[in-house]
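Before any comments, here is the structure.
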Amino acid sequence: MRSISAVTVLAVALSSVALIGSAAGAAVADSSAALPITSSGDIIVDGVHQRVFISDPSGGKVVATDYNGTVIRTITSLPQADGLELSADSATVYVAVPGTDEIVAIDTATVTETGRYATGDGTDPQHLALAGGKLWFGYGSVGHGNIGSLDLSGGQTQVSLAQEADGTWNDAPLLDSVPGAPNTLAAGSRQYYFTLGIYDVSSGTASRTAFLGGQDAAIGNTAEDLALTPDGTELVVATTAGEFQQVFRTSDLSETIRYPSTYWEQRSVDVAPDGLVAGGTDTYASFLPHVSIYKPGSTAPRRTANFTDEQGGVSQETLLDHGDLAFAPDSSRLFAVTHDLRGRYRLRVVTDPSKAITTITLNAPATADRAKSLTVSGKVTNTLGLTAGTTVAVTRTDLESPNGKALPAATVKADGTFSFTDTPPAGGKVTYKVSYAGDADRTTASASDTVEVSRNSTTLTVNKNGKVYAYASNVTFTAHLGTTYKNRTLSLYADTAGDGKGKYLVKTGTVNSEGNLSVTLTLKRDTTVSASFSGDARTAPKTATSWVGAKVKVSLSLSRYYKTATVNGHTKYYFRKTTDPLLTTTMTAYPGRSQRLQFQIYYDGAWRSAGSQYFKLDSTGKSVVELGGTHQTGYSMRVRSSYINDSSDDTVNSTTHGSWKYFTFTS
């Protein structure tokens, strides 16, 4: 219960008209995947199980992923794990583990360790290759390297060390072999002097057949990586000698050709079973390709790949170290391990590495008129050029053909350009897509562009806008839709103030023969009713709204009077001057809502303001105010309770005034 002084009310009224208070407070895409490693030693691909194995020397482990880079399992307890080799039947991956002087076998199907083979104390085996029925390993430390073999064919393994004369190798030599030359073993050094060696291992021991090294090499510093061609007749070497990969005949290690690159430091190389050659650099320049891919004997790259990462919208540089490239056995993919400047590693997958990348640009007008001809032009680009008579498929997608409609193919000119005309039958967003099918040497490609095609405008209205209704009135709203092409459906929405729901659907339906669709709503708060027409192939979308107000329910009762009488058509309440009237307001409840009590006094022939004050309603919408103080007799007064939009601490209803209650004080 609140109280208000009648003395104050009368004093203000007799001096001036004023308030006594204030309101209360109111293409087959390449892919990339993160790797859980801190370094990279070697990478090898198992085509039978479609798995990629990557060694992590710093982490002492081997990580196995699928072709998408999803990690399948990690094999740990492999200190300084480095070189990898896959058995001929793809059943086993062998890992050189210099930290324990062992070669460890891993089952490729289960990705579990199946055996360990000691190579001798202090041998530090680092690089592996299978040839001549044995597993060969390059071992040793800086200044002291050699080649050993592990014979796994008998019931008991046999290790043979020092297959080369002391001093030939200044480190553990890199090794490589290929099924096409089963008795050929290639070796190379990563130390200062460029050193290469070719061995015949058919006898069970390594018999050197060609050698290039020391002052005789005179072609660069080190061999960072090497790979034999499928028939074993040539050896491709990544060197620090210059911007190229070098190729040597295995018969005498004489140089044949060079595959040019774009950066000085060559780090990785691999040769696919079909002869495709991939060479990689460790360039920091994000605009230069990290990998160049060549057809055998061609000095122009068939394809290049640039590996960058996006961090916060900024292109981040990545690096490619030695031994970080490997082709899938079917030559369908090239896998690369990269890392950024923060040491975060990723597995990159280049699909269709033998195919030159095709790109298409397409240019359509931004806008066009429906049923009028427009021209779309474009260009197909491929480093190999295009064969005569090349065509591109054309598809148009619009409101009448949402699944696309094939248009006549466009012929590509010798310079790669093409164009076609079309007359769009439907308006709205029209998308033209052009596709090139590709071939054995070129990737597929596609491009699309969108035209906003004009549509007719229609009329849409919703009645009752601006009207205000009593609380809980049932009001029928009618939306009227004008002429359209095909679509005659409207969706009607309501947005009721203060319910937190926002705009919600109340009805969807087809308009009647007069173009009308109606819905009846019970209005308890201010409401916006909207009609939405989604448009059709020839008619543009349209929306229309109507705002209507809803009053609150409000009543005011007086108590503690001693009698009533009808005066001038009103009920008048009489109070003794010693009695404090009780004013009880009941109003539609809303959190935090206040009601305004407004007083007037009849003075000098007219009703004049005696002030007003806001009082909070309780959770049920009730407010009880006691009119206290010293009461003057002989005056006619009246009071009413009101909800004032915004001033009553909310805006969900329209301003509503209750009826006046007339009263007076007597002796």
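Residue numbering restarts at 1 in every chain; chains get A, B, ... in the order shown in the structure tokens, and ligands count up from 1 in that same order.
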
Q. Can you list, as a PyMOL selection string, every protein, DNA or RNA residue that comes within 7 Å of Leu161 in chain A when you count only C-alpha atoms, leaving out same-chain residues fewer than 5 positions away?
A. chain A and resi 147-149

Q: Using only C-alpha atoms, determine which residues lie at most 9 Å from Thr351 in chain A, disregarding the query and same-chain residues fewer than 3 positions distant; provide the list as a list in words.
A: Val28, Ala29, Asp30, Ser31, Ser332, Arg333, Leu334, Phe335, Ser354 and Lys355 of chain A

Output all heavy atoms of each residue in that selection to a file, as a short mmCIF file (atom, residue, chain, number, x, y, z; two decimals), in the first residue's frame.
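Output file again_28.cif is given in full below:
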data_model
loop_
_atom_site.label_atom_id
_atom_site.label_comp_id
_atom_site.auth_asym_id
_atom_site.auth_seq_id
_atom_site.Cartn_x
_atom_site.Cartn_y
_atom_site.Cartn_z
N VAL A 28 38.14 -31.34 -58.30
CA VAL A 28 38.70 -32.20 -57.28
C VAL A 28 39.67 -31.32 -56.53
O VAL A 28 40.71 -30.96 -57.07
CB VAL A 28 39.43 -33.44 -57.83
CG1 VAL A 28 39.99 -34.28 -56.68
CG2 VAL A 28 38.52 -34.30 -58.70
N ALA A 29 39.36 -31.08 -55.39
CA ALA A 29 40.14 -30.09 -54.66
C ALA A 29 41.30 -30.72 -53.93
O ALA A 29 41.22 -31.85 -53.45
CB ALA A 29 39.22 -29.39 -53.65
N ASP A 30 42.42 -29.99 -53.89
CA ASP A 30 43.51 -30.38 -53.01
C ASP A 30 43.06 -30.17 -51.57
O ASP A 30 42.12 -29.44 -51.30
CB ASP A 30 44.75 -29.53 -53.31
CG ASP A 30 45.27 -29.76 -54.72
OD1 ASP A 30 44.89 -30.78 -55.31
OD2 ASP A 30 46.04 -28.92 -55.21
N SER A 31 43.75 -30.83 -50.63
CA SER A 31 43.32 -30.75 -49.24
C SER A 31 44.51 -30.57 -48.33
O SER A 31 45.67 -30.68 -48.74
CB SER A 31 42.53 -32.01 -48.84
OG SER A 31 43.35 -33.15 -48.94
N SER A 332 48.08 -41.11 -58.39
CA SER A 332 46.89 -40.26 -58.39
C SER A 332 47.02 -39.07 -57.46
O SER A 332 46.26 -38.09 -57.59
CB SER A 332 45.67 -41.08 -57.97
OG SER A 332 45.80 -41.53 -56.63
N ARG A 333 47.95 -39.13 -56.52
CA ARG A 333 48.10 -38.06 -55.54
C ARG A 333 49.57 -37.84 -55.23
O ARG A 333 50.37 -38.78 -55.30
CB ARG A 333 47.36 -38.40 -54.23
CG ARG A 333 45.85 -38.46 -54.34
CD ARG A 333 45.26 -39.01 -53.05
NE ARG A 333 43.82 -39.01 -53.05
CZ ARG A 333 43.06 -39.93 -53.61
NH1 ARG A 333 43.63 -40.95 -54.26
NH2 ARG A 333 41.74 -39.87 -53.56
N LEU A 334 49.88 -36.62 -54.86
CA LEU A 334 51.19 -36.29 -54.32
C LEU A 334 50.98 -35.77 -52.91
O LEU A 334 50.18 -34.86 -52.69
CB LEU A 334 51.88 -35.22 -55.17
CG LEU A 334 53.21 -34.69 -54.62
CD1 LEU A 334 54.27 -35.79 -54.62
CD2 LEU A 334 53.69 -33.48 -55.40
N PHE A 335 51.70 -36.35 -51.95
CA PHE A 335 51.59 -35.95 -50.55
C PHE A 335 52.83 -35.14 -50.17
O PHE A 335 53.95 -35.47 -50.59
CB PHE A 335 51.47 -37.17 -49.64
CG PHE A 335 50.24 -37.99 -49.90
CD1 PHE A 335 50.27 -39.04 -50.81
CD2 PHE A 335 49.05 -37.71 -49.26
CE1 PHE A 335 49.14 -39.80 -51.06
CE2 PHE A 335 47.91 -38.46 -49.50
CZ PHE A 335 47.95 -39.51 -50.41
N SER A 354 49.42 -35.16 -62.29
CA SER A 354 49.93 -35.19 -63.66
C SER A 354 49.19 -34.24 -64.59
O SER A 354 49.61 -34.03 -65.73
CB SER A 354 49.83 -36.62 -64.22
OG SER A 354 48.46 -36.99 -64.37
N LYS A 355 48.09 -33.68 -64.11
CA LYS A 355 47.27 -32.85 -64.98
C LYS A 355 47.56 -31.36 -64.78
O LYS A 355 47.69 -30.89 -63.65
CB LYS A 355 45.78 -33.11 -64.72
CG LYS A 355 45.34 -34.52 -65.09
CD LYS A 355 43.85 -34.70 -64.91
CE LYS A 355 43.39 -36.09 -65.34
NZ LYS A 355 41.93 -36.25 -65.22
#

Q | Those in range 5-176 of chain A with strand (DSSP E or B) from DSSP, as a PyMOL selection string | A | chain A and resi 5+31-35+43-46+51-56+61-66+71-75+84-86+92-97+102-107+112-118+125-131+134-141+144-151+158-160+169+174-176

Q. Quick one: residues within 7 Å of Ala364 in chain A, only C-alpha atoms counted, chain neighbours fewer than 4 positions away excluded, as a list in words?
A. Thr375, Val376, Ser377, Asp449, Thr450 and Val451 of chain A

Mind writing the picked residues with all heavy atoms as an mmCIF file, in the first residue's frame?
data_model
loop_
_atom_site.group_PDB
_atom_site.id
_atom_site.type_symbol
_atom_site.label_atom_id
_atom_site.label_comp_id
_atom_site.auth_asym_id
_atom_site.auth_seq_id
_atom_site.Cartn_x
_atom_site.Cartn_y
_atom_site.Cartn_z
ATOM 1 N N THR A 375 24.441 -11.476 -73.293
ATOM 2 C CA THR A 375 25.658 -12.181 -73.706
ATOM 3 C C THR A 375 26.542 -12.443 -72.501
ATOM 4 O O THR A 375 26.772 -11.546 -71.680
ATOM 5 C CB THR A 375 26.436 -11.369 -74.753
ATOM 6 O OG1 THR A 375 25.615 -11.169 -75.903
ATOM 7 C CG2 THR A 375 27.709 -12.102 -75.173
ATOM 8 N N VAL A 376 27.015 -13.682 -72.403
ATOM 9 C CA VAL A 376 27.947 -14.089 -71.353
ATOM 10 C C VAL A 376 29.255 -14.487 -72.030
ATOM 11 O O VAL A 376 29.251 -15.208 -73.035
ATOM 12 C CB VAL A 376 27.390 -15.276 -70.535
ATOM 13 C CG1 VAL A 376 28.369 -15.687 -69.450
ATOM 14 C CG2 VAL A 376 26.039 -14.916 -69.931
ATOM 15 N N SER A 377 30.374 -14.016 -71.498
ATOM 16 C CA SER A 377 31.672 -14.328 -72.085
ATOM 17 C C SER A 377 32.603 -14.892 -71.024
ATOM 18 O O SER A 377 32.360 -14.760 -69.826
ATOM 19 C CB SER A 377 32.296 -13.079 -72.714
ATOM 20 O OG SER A 377 32.497 -12.079 -71.731
ATOM 21 N N ASP A 449 28.482 -17.306 -62.815
ATOM 22 C CA ASP A 449 28.222 -15.891 -62.575
ATOM 23 C C ASP A 449 26.708 -15.699 -62.551
ATOM 24 O O ASP A 449 25.964 -16.479 -63.139
ATOM 25 C CB ASP A 449 28.865 -15.025 -63.652
ATOM 26 C CG ASP A 449 29.076 -13.587 -63.176
ATOM 27 O OD1 ASP A 449 28.761 -13.296 -62.009
ATOM 28 O OD2 ASP A 449 29.548 -12.759 -63.971
ATOM 29 N N THR A 450 26.290 -14.650 -61.855
ATOM 30 C CA THR A 450 24.862 -14.440 -61.618
ATOM 31 C C THR A 450 24.391 -13.126 -62.220
ATOM 32 O O THR A 450 25.092 -12.110 -62.153
ATOM 33 C CB THR A 450 24.582 -14.448 -60.105
ATOM 34 O OG1 THR A 450 24.952 -15.716 -59.574
ATOM 35 C CG2 THR A 450 23.111 -14.219 -59.827
ATOM 36 N N VAL A 451 23.215 -13.182 -62.794
ATOM 37 C CA VAL A 451 22.559 -11.997 -63.361
ATOM 38 C C VAL A 451 21.261 -11.754 -62.598
ATOM 39 O O VAL A 451 20.497 -12.695 -62.347
ATOM 40 C CB VAL A 451 22.248 -12.200 -64.859
ATOM 41 C CG1 VAL A 451 21.655 -10.928 -65.457
ATOM 42 C CG2 VAL A 451 23.485 -12.623 -65.611
#

Q) Out of A:His480, A:Lys61, A:Lys486, A:His631, which residue has the shortest atom-to-atom distance to Ser530 in chain A when counting only C-alpha atoms? A)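 That would be A:His480, the residue with the smallest distance to Ser530 in chain A.
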
For range 519-628 of chain A versus range 491-506 of chain A, which residues have an atom no more than 7 Å away, and what is each residue's nearest atom pair and distance in Å rounded to one decimal, using only C-alpha atoms, chain-then-number order, as CSV?
residue,atom,partner,partner_atom,distance
A:Arg525,CA,A:Ala497,CA,6.1
A:Asp526,CA,A:Ala497,CA,5.6
A:Thr527,CA,A:Thr496,CA,4.5
A:Thr528,CA,A:Asp495,CA,5.1
A:Val529,CA,A:Ala494,CA,4.6
A:Ser530,CA,A:Tyr493,CA,5.2
A:Ala531,CA,A:Leu492,CA,4.6
A:Ser532,CA,A:Ser491,CA,5.2
A:Phe533,CA,A:Ser491,CA,6.7

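Nearest residue to Pro329 in chain A, choosing from A:Val159, A:Val178, A:Leu490, A:Leu196 and counting only C-alpha atoms: A:Val178.
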
Q.
Measuring between only C-alpha atoms, which one of A:Gly232, A:Pro541, A:Gly343, A:Gly404 shows the shortest distance to Leu35 in chain A?
A.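 When distances to Leu35 in chain A are compared using only C-alpha atoms, the smallest one comes from A:Gly343.
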
Q) With only C-alpha atoms as the basis for distance, which of A:Arg442, A:Arg249, A:His144, A:Arg593 is at the shortest distance from Phe211 in chain A? A) A:Arg249

**Q.** Selected residue of minimal separation from Leu319 in chain A among A:Arg640, A:Arg344, A:Lys661, A:Lys429, counting only C-alpha atoms
**A.**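 Closest residue, counting only C-alpha atoms: A:Arg344.
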
Q | Nearest to Ser546 in chain A by atom-to-atom distance, counting only C-alpha atoms, from A:Thr123, A:Asn487, A:Asn465, A:Thr397 | A |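 Among A:Thr123, A:Asn487, A:Asn465, A:Thr397, it is A:Asn465 that comes nearest to Ser546 in chain A.
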
Q) Separation of CA of Pro296 in chain A and CA of Ala172 in chain A, in Å? A)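 Going from CA of Pro296 in chain A over to CA of Ala172 in chain A, I get 29.1 Å.
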
Q: Show which residues sit within 7 Å of Asn516 in chain A, as a ChimeraX atom specification. Count only C-alpha atoms, and ignore same-chain residues fewer than 2 positions away.
A: /A:478-481,511-512,514,518

Output file for the selection above: all heavy atoms, as a CSV table (one decimal), in the first residue's frame:
chain,number,residue,atom,x,y,z
A,478,THR,N,-6.8,-8.4,-43.3
A,478,THR,CA,-6.9,-8.9,-44.6
A,478,THR,C,-5.7,-8.3,-45.5
A,478,THR,O,-5.5,-7.1,-45.5
A,478,THR,CB,-8.2,-8.5,-45.3
A,478,THR,OG1,-9.3,-9.1,-44.5
A,478,THR,CG2,-8.3,-9.0,-46.7
A,479,ALA,N,-5.0,-9.2,-46.1
A,479,ALA,CA,-3.9,-8.8,-47.0
A,479,ALA,C,-4.5,-9.0,-48.4
A,479,ALA,O,-5.2,-9.9,-48.8
A,479,ALA,CB,-2.7,-9.7,-46.8
A,480,HIS,N,-4.1,-8.0,-49.3
A,480,HIS,CA,-4.6,-8.0,-50.6
A,480,HIS,C,-3.4,-8.0,-51.6
A,480,HIS,O,-2.5,-7.2,-51.5
A,480,HIS,CB,-5.4,-6.8,-50.9
A,480,HIS,CG,-5.9,-6.7,-52.4
A,480,HIS,ND1,-6.9,-7.5,-52.9
A,480,HIS,CD2,-5.4,-6.0,-53.4
A,480,HIS,CE1,-7.1,-7.2,-54.2
A,480,HIS,NE2,-6.2,-6.3,-54.5
A,481,LEU,N,-3.4,-9.0,-52.5
A,481,LEU,CA,-2.3,-9.2,-53.5
A,481,LEU,C,-2.8,-8.8,-54.9
A,481,LEU,O,-3.8,-9.3,-55.3
A,481,LEU,CB,-1.8,-10.7,-53.4
A,481,LEU,CG,-0.7,-11.1,-54.4
A,481,LEU,CD1,0.6,-10.3,-54.1
A,481,LEU,CD2,-0.5,-12.6,-54.4
A,511,VAL,N,-4.5,-16.8,-52.0
A,511,VAL,CA,-5.5,-15.8,-51.9
A,511,VAL,C,-6.7,-16.2,-52.7
A,511,VAL,O,-6.7,-17.1,-53.5
A,511,VAL,CB,-4.9,-14.4,-52.5
A,511,VAL,CG1,-3.7,-13.9,-51.7
A,511,VAL,CG2,-4.5,-14.6,-53.9
A,512,ASN,N,-7.9,-15.6,-52.3
A,512,ASN,CA,-9.1,-16.0,-53.0
A,512,ASN,C,-9.2,-15.3,-54.3
A,512,ASN,O,-8.3,-14.6,-54.8
A,512,ASN,CB,-10.3,-15.6,-52.1
A,512,ASN,CG,-10.4,-14.2,-51.7
A,512,ASN,OD1,-9.8,-13.3,-52.4
A,512,ASN,ND2,-11.2,-13.8,-50.7
A,514,GLU,N,-10.6,-12.7,-55.2
A,514,GLU,CA,-10.4,-11.3,-55.1
A,514,GLU,C,-9.0,-10.8,-54.7
A,514,GLU,O,-8.7,-9.7,-54.6
A,514,GLU,CB,-11.4,-10.7,-54.1
A,514,GLU,CG,-12.9,-10.9,-54.6
A,514,GLU,CD,-13.8,-10.3,-53.5
A,514,GLU,OE1,-13.4,-10.1,-52.4
A,514,GLU,OE2,-15.0,-10.2,-53.9
A,518,SER,N,-7.0,-13.7,-45.3
A,518,SER,CA,-7.3,-13.1,-44.0
A,518,SER,C,-6.9,-14.0,-42.8
A,518,SER,O,-6.8,-15.2,-43.0
A,518,SER,CB,-8.8,-12.7,-43.8
A,518,SER,OG,-9.3,-11.8,-44.8

Q | Two-atom distance - CA of Ser612 in chain A, CA of Asp650 in chain A (Å) | A |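 Computed distance, CA of Ser612 in chain A to CA of Asp650 in chain A, equals 18.2 Å.
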
Q) Could you pull the residues within 12 Å of Val350 in chain A, counting only C-alpha atoms, minus those fewer than 3 positions along the same chain, as a PyMOL selection string? A) chain A and resi 27-32+67-69+278+290-293+303-307+325-328+331-337+347+353-357

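Between CA of Arg267 in chain A and CA of Arg51 in chain A the interatomic distance comes to 23.4 Å.
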
Q.
Can you pull out the residues contacting Leu152 in chain A? Cut-off 10 Å, using only C-alpha atoms, and skip same-chain residues under 5 positions away; I want them as a list in words.
A. Tyr117, Gly133, Lys134, Leu135, Thr157, Gln158 and Val159 of chain A

Residues as selected, all heavy atoms, written as a JSON list (two decimals), in the first residue's frame, can you do that?
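Output file out_3.json follows:
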[["chain", "number", "residue", "atom", "x", "y", "z"],
["A", 117, "TYR", "N", 64.71, -55.00, -35.09],
["A", 117, "TYR", "CA", 65.92, -55.66, -35.57],
["A", 117, "TYR", "C", 67.11, -54.76, -35.27],
["A", 117, "TYR", "O", 67.21, -53.64, -35.78],
["A", 117, "TYR", "CB", 65.82, -55.93, -37.07],
["A", 117, "TYR", "CG", 64.54, -56.64, -37.46],
["A", 117, "TYR", "CD1", 63.46, -55.93, -37.98],
["A", 117, "TYR", "CD2", 64.40, -58.01, -37.25],
["A", 117, "TYR", "CE1", 62.28, -56.58, -38.31],
["A", 117, "TYR", "CE2", 63.22, -58.67, -37.59],
["A", 117, "TYR", "CZ", 62.16, -57.94, -38.11],
["A", 117, "TYR", "OH", 60.99, -58.58, -38.44],
["A", 133, "GLY", "N", 66.36, -58.34, -52.53],
["A", 133, "GLY", "CA", 65.84, -59.23, -51.50],
["A", 133, "GLY", "C", 66.27, -58.87, -50.09],
["A", 133, "GLY", "O", 65.99, -59.64, -49.15],
["A", 134, "LYS", "N", 66.93, -57.73, -49.89],
["A", 134, "LYS", "CA", 67.36, -57.31, -48.56],
["A", 134, "LYS", "C", 66.89, -55.88, -48.28],
["A", 134, "LYS", "O", 66.57, -55.12, -49.20],
["A", 134, "LYS", "CB", 68.89, -57.37, -48.46],
["A", 134, "LYS", "CG", 69.47, -58.78, -48.49],
["A", 134, "LYS", "CD", 70.98, -58.75, -48.28],
["A", 134, "LYS", "CE", 71.56, -60.17, -48.27],
["A", 134, "LYS", "NZ", 73.02, -60.18, -48.02],
["A", 135, "LEU", "N", 66.92, -55.57, -46.99],
["A", 135, "LEU", "CA", 66.62, -54.21, -46.55],
["A", 135, "LEU", "C", 67.94, -53.50, -46.28],
["A", 135, "LEU", "O", 68.70, -53.89, -45.38],
["A", 135, "LEU", "CB", 65.75, -54.23, -45.29],
["A", 135, "LEU", "CG", 65.34, -52.86, -44.73],
["A", 135, "LEU", "CD1", 64.51, -52.07, -45.74],
["A", 135, "LEU", "CD2", 64.54, -53.03, -43.43],
["A", 157, "THR", "N", 67.45, -63.31, -38.68],
["A", 157, "THR", "CA", 67.90, -62.13, -39.41],
["A", 157, "THR", "C", 69.41, -62.02, -39.37],
["A", 157, "THR", "O", 70.06, -62.42, -38.40],
["A", 157, "THR", "CB", 67.30, -60.85, -38.80],
["A", 157, "THR", "OG1", 67.68, -60.76, -37.43],
["A", 157, "THR", "CG2", 65.78, -60.88, -38.89],
["A", 158, "GLN", "N", 69.97, -61.49, -40.45],
["A", 158, "GLN", "CA", 71.41, -61.29, -40.55],
["A", 158, "GLN", "C", 71.69, -59.85, -40.91],
["A", 158, "GLN", "O", 71.08, -59.30, -41.83],
["A", 158, "GLN", "CB", 72.02, -62.23, -41.60],
["A", 158, "GLN", "CG", 71.93, -63.70, -41.24],
["A", 158, "GLN", "CD", 72.60, -64.59, -42.27],
["A", 158, "GLN", "OE1", 72.99, -64.12, -43.34],
["A", 158, "GLN", "NE2", 72.73, -65.87, -41.95],
["A", 159, "VAL", "N", 72.64, -59.25, -40.23],
["A", 159, "VAL", "CA", 73.05, -57.88, -40.47],
["A", 159, "VAL", "C", 74.45, -57.87, -41.05],
["A", 159, "VAL", "O", 75.35, -58.52, -40.52],
["A", 159, "VAL", "CB", 73.01, -57.04, -39.17],
["A", 159, "VAL", "CG1", 73.54, -55.63, -39.42],
["A", 159, "VAL", "CG2", 71.59, -56.98, -38.61]]

Q.
Applying 10 Å and only C-alpha atoms, which residues near Thr411 in chain A remain after dropping the ones on its own chain fewer than 3 positions away? List them as a ChimeraX atom specification.
A. /A:388-393,408,414,416-420

Next, write the just-selected residues to a file, as a PDB file, in the first residue's frame, keeping C-alpha atoms as the atom set.
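What ended up in again_20.pdb:
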ATOM      1  CA  ALA A 388      41.000 -27.592 -81.304  1.00  0.00           C
ATOM      2  CA  GLY A 389      37.230 -27.879 -81.044  1.00  0.00           C
ATOM      3  CA  THR A 390      37.151 -27.742 -77.235  1.00  0.00           C
ATOM      4  CA  THR A 391      33.703 -26.922 -75.894  1.00  0.00           C
ATOM      5  CA  VAL A 392      32.345 -25.997 -72.494  1.00  0.00           C
ATOM      6  CA  ALA A 393      28.985 -27.099 -71.130  1.00  0.00           C
ATOM      7  CA  PRO A 408      23.871 -25.342 -76.081  1.00  0.00           C
ATOM      8  CA  ALA A 414      42.196 -20.770 -80.037  1.00  0.00           C
ATOM      9  CA  GLY A 416      40.739 -19.723 -74.886  1.00  0.00           C
ATOM     10  CA  THR A 417      37.881 -17.224 -75.075  1.00  0.00           C
ATOM     11  CA  PHE A 418      34.236 -18.094 -75.605  1.00  0.00           C
ATOM     12  CA  SER A 419      30.845 -16.428 -75.473  1.00  0.00           C
ATOM     13  CA  PHE A 420      27.184 -17.331 -75.772  1.00  0.00           C
TER      14      PHE A 420
END
